[in-house]
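> First the structure, which I've put down as structure tokens, then a few questions once you've had a look.
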Amino acid sequence: MTDKDFLERAIKIAYEGIEKGTGPFGAVVVQNGEVISESTNKVVESHDPTAHAEVLAIREAAQKSGTHDLHDCILYSSCEPCPMCLGAIYWSGIKEVYFAADRKDAANAGFNDEFIYDEITLLPEKRNVSFKRIKGVDGREVFKKWERFENKVQY
């Protein structure tokens with residue numbers, strides 16, 4: 001199968017998502033030319049705001065691969081991944097993403113992620129969601145212990 005074939009599969013999954021009432025997004029993860037996972041959005045049906053097609057496909061690919069490191073995988077998505085999915089892509093190590101529609105197409109359909117892209121660049125105290133660091137509570141010792149931990153798996 002070609003990149004175009006895998007991307008068309010992601011779009012087909014997006015159409016299936018519409019028919020199921022789960023949303024117009026689909027994602028496919030490919031490893032060594034083989035589909036290892038695929039998903040549509042399941043935000044509404046699972047009551048999980050993080051259940052985007054890309055995140056679910058990445059989770060399943062990691063489970064099937066037995067590793068959190070998907071550097072040898074390619075993600076095909078019916079739409080340009082949102083900021084959350086983009087983060088999951090980077091954390092998983094995926095190095096290549098193909099997408100069909102872009103964020104403007106999604107915004108025109110009512111999925112406007114632009115405000116999140118804008119918020120990410122702001123300092124925490126400037127964001128629309130209230131972020132507060134409490135003085136006198138030191139979370140740095142956790143990271144110092146992690147630095148000394150001998151059996152850590154870096155990710």
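As shown in the structure tokens, the chain order sets the letters A, B, ...; within each chain, residues go from 1, and ligands are also counted from 1 in the order they appear.
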Just want the 10 Å neighbourhood of Ile89 in chain A, counted on only C-alpha atoms, with same-chain residues fewer than 4 positions away dropped. Output as JSON, numbers by chain.
{"A": [54, 55, 58, 70, 71, 74, 75, 81, 83, 84, 85, 93, 94, 95, 96, 97]}
> Give me, as JSON, numbers by chain, all polymer residues having an atom no more than 12 Å from Ser46 in chain A, counting only C-alpha atoms and skipping those fewer than 4 positions away in the same chain.
{"A": [21, 22, 40, 41, 42, 50, 51, 52, 56]}
> What does the file look like for those residues with N, CA and C atoms, as a JSON list (two decimals), in the first residue's frame?

```json
[["chain", "number", "residue", "atom", "x", "y", "z"],
["A", 21, "GLY", "N", -21.63, 8.41, 14.77],
["A", 21, "GLY", "CA", -21.90, 9.56, 15.61],
["A", 21, "GLY", "C", -20.74, 9.96, 16.50],
["A", 22, "THR", "N", -19.53, 9.47, 16.17],
["A", 22, "THR", "CA", -18.36, 9.75, 17.02],
["A", 22, "THR", "C", -17.52, 10.92, 16.51],
["A", 40, "THR", "N", -11.17, 5.98, 15.09],
["A", 40, "THR", "CA", -11.92, 7.21, 14.92],
["A", 40, "THR", "C", -11.94, 7.91, 16.27],
["A", 41, "ASN", "N", -12.45, 9.13, 16.33],
["A", 41, "ASN", "CA", -12.62, 9.80, 17.61],
["A", 41, "ASN", "C", -13.65, 9.03, 18.43],
["A", 42, "LYS", "N", -13.44, 9.00, 19.74],
["A", 42, "LYS", "CA", -14.40, 8.37, 20.64],
["A", 42, "LYS", "C", -14.66, 9.27, 21.84],
["A", 50, "THR", "N", -9.93, 13.33, 25.75],
["A", 50, "THR", "CA", -8.64, 13.01, 25.12],
["A", 50, "THR", "C", -8.74, 11.87, 24.12],
["A", 51, "ALA", "N", -9.92, 11.34, 23.89],
["A", 51, "ALA", "CA", -10.09, 10.17, 23.02],
["A", 51, "ALA", "C", -10.16, 10.57, 21.55],
["A", 52, "HIS", "N", -9.16, 11.32, 21.11],
["A", 52, "HIS", "CA", -9.08, 11.70, 19.69],
["A", 52, "HIS", "C", -8.53, 10.51, 18.90],
["A", 56, "LEU", "N", -5.85, 7.67, 20.28],
["A", 56, "LEU", "CA", -6.28, 6.28, 20.43],
["A", 56, "LEU", "C", -5.46, 5.34, 19.54]]
```
> So, counting only C-alpha atoms, which residue among A:Ile18, A:Ala106, A:Ile116, A:Val30 is closest to Asn128 in chain A?
A:Ile116
> What does the distance between CA of Ser77 in chain A and CA of Val35 in chain A come to in Å, to one decimal place?
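Straight-line distance from CA of Ser77 in chain A to CA of Val35 in chain A works out to 12.9 Å.
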> Write out as a VMD selection string the set of residues from chain A that DSSP, computed on the backbone, places in strand (DSSP E).
chain A and resid 26 to 31 34 to 40 73 to 79 96 to 101
> What separation in Å, quoted to one decimal, exists between CA of Phe6 in chain A and CA of Tyr76 in chain A?
6.5 Å
> So which one's closest to Tyr98 in chain A, A:Glu80, A:Gly26, A:Val44, A:Gly110? Using only C-alpha atoms, please.
A:Glu80
> What's the 10 Å shell around Ala62 in chain A, counting only C-alpha atoms, without same-chain residues fewer than 6 positions away, as a list of chain:residue names?
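These residues fall inside the cut-off: A:Val29, A:Ile36, A:Ser37, A:Leu56, A:His68, A:Asp69, A:Leu70, A:Ser92.
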> Residues of the last selection are to be written out with all heavy atoms, as a tab-separated table (two decimals), in the first residue's frame.

```tsv
chain	number	residue	atom	x	y	z
A	29	VAL	N	-2.01	4.09	12.16
A	29	VAL	CA	-0.58	3.99	12.43
A	29	VAL	C	-0.04	2.80	11.67
A	29	VAL	O	-0.59	1.70	11.73
A	29	VAL	CB	-0.27	3.84	13.94
A	29	VAL	CG1	1.22	3.65	14.18
A	29	VAL	CG2	-0.78	5.06	14.72
A	36	ILE	N	-0.91	-1.16	12.01
A	36	ILE	CA	-0.90	-1.81	13.32
A	36	ILE	C	-2.01	-1.29	14.23
A	36	ILE	O	-2.34	-1.93	15.23
A	36	ILE	CB	0.48	-1.73	14.03
A	36	ILE	CG1	0.91	-0.30	14.27
A	36	ILE	CG2	1.52	-2.50	13.23
A	36	ILE	CD1	2.11	-0.19	15.19
A	37	SER	N	-2.56	-0.13	13.89
A	37	SER	CA	-3.70	0.38	14.65
A	37	SER	C	-4.43	1.43	13.84
A	37	SER	O	-3.86	2.04	12.94
A	37	SER	CB	-3.24	0.98	15.99
A	37	SER	OG	-2.46	2.14	15.78
A	56	LEU	N	-5.85	7.67	20.28
A	56	LEU	CA	-6.28	6.28	20.43
A	56	LEU	C	-5.46	5.34	19.54
A	56	LEU	O	-5.08	4.25	19.97
A	56	LEU	CB	-7.76	6.15	20.13
A	56	LEU	CG	-8.69	6.88	21.11
A	56	LEU	CD1	-10.14	6.80	20.65
A	56	LEU	CD2	-8.53	6.34	22.52
A	68	HIS	N	6.71	2.28	24.22
A	68	HIS	CA	6.23	3.66	24.10
A	68	HIS	C	6.91	4.38	22.94
A	68	HIS	O	6.49	5.46	22.56
A	68	HIS	CB	6.49	4.43	25.40
A	68	HIS	CG	7.94	4.55	25.73
A	68	HIS	ND1	8.66	3.51	26.30
A	68	HIS	CD2	8.81	5.55	25.52
A	68	HIS	CE1	9.90	3.89	26.45
A	68	HIS	NE2	10.03	5.13	25.99
A	69	ASP	N	7.94	3.78	22.38
A	69	ASP	CA	8.76	4.40	21.34
A	69	ASP	C	8.30	3.94	19.96
A	69	ASP	O	8.58	2.82	19.54
A	69	ASP	CB	10.23	4.04	21.56
A	69	ASP	CG	11.16	4.69	20.56
A	69	ASP	OD1	10.70	5.48	19.70
A	69	ASP	OD2	12.37	4.40	20.63
A	70	LEU	N	7.60	4.80	19.25
A	70	LEU	CA	7.07	4.47	17.93
A	70	LEU	C	7.83	5.19	16.82
A	70	LEU	O	7.26	5.59	15.81
A	70	LEU	CB	5.57	4.83	17.87
A	70	LEU	CG	4.68	4.16	18.91
A	70	LEU	CD1	3.24	4.65	18.79
A	70	LEU	CD2	4.75	2.64	18.80
A	92	SER	N	5.46	10.10	21.43
A	92	SER	CA	5.56	8.72	20.96
A	92	SER	C	6.79	8.48	20.10
A	92	SER	O	7.17	7.34	19.85
A	92	SER	CB	4.32	8.32	20.17
A	92	SER	OG	4.29	9.00	18.92
```
> Skipping near chain neighbours, those fewer than 6 positions away, what residues fall within 12 Å of Lys152 in chain A using only C-alpha atoms, listed as a PDB file with C-alpha atoms, in the first residue's frame?

```pdb
ATOM      1  CA  PHE A 143      12.735  15.246  39.765  1.00  0.00           C
ATOM      2  CA  LYS A 145      14.891  11.564  42.951  1.00  0.00           C
ATOM      3  CA  TRP A 146      14.157  10.654  39.309  1.00  0.00           C
TER       4      TRP A 146
END
```
> What is the CA of Ser39 in chain A to CA of Tyr117 in chain A distance in Å?
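Going from CA of Ser39 in chain A over to CA of Tyr117 in chain A, I get 23.7 Å.
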> Can you tell me, as a PyMOL selection string, which residues in chain A count as alpha helix (DSSP H) by DSSP?
chain A and resi 3-20+43-46+53-65+83-92+103-108+114-120+140-148
> Considering only C-alpha atoms, can you say which of A:Ala57, A:Phe131, A:Arg9, A:Thr67 comes closest to Val153 in chain A?
A:Thr67
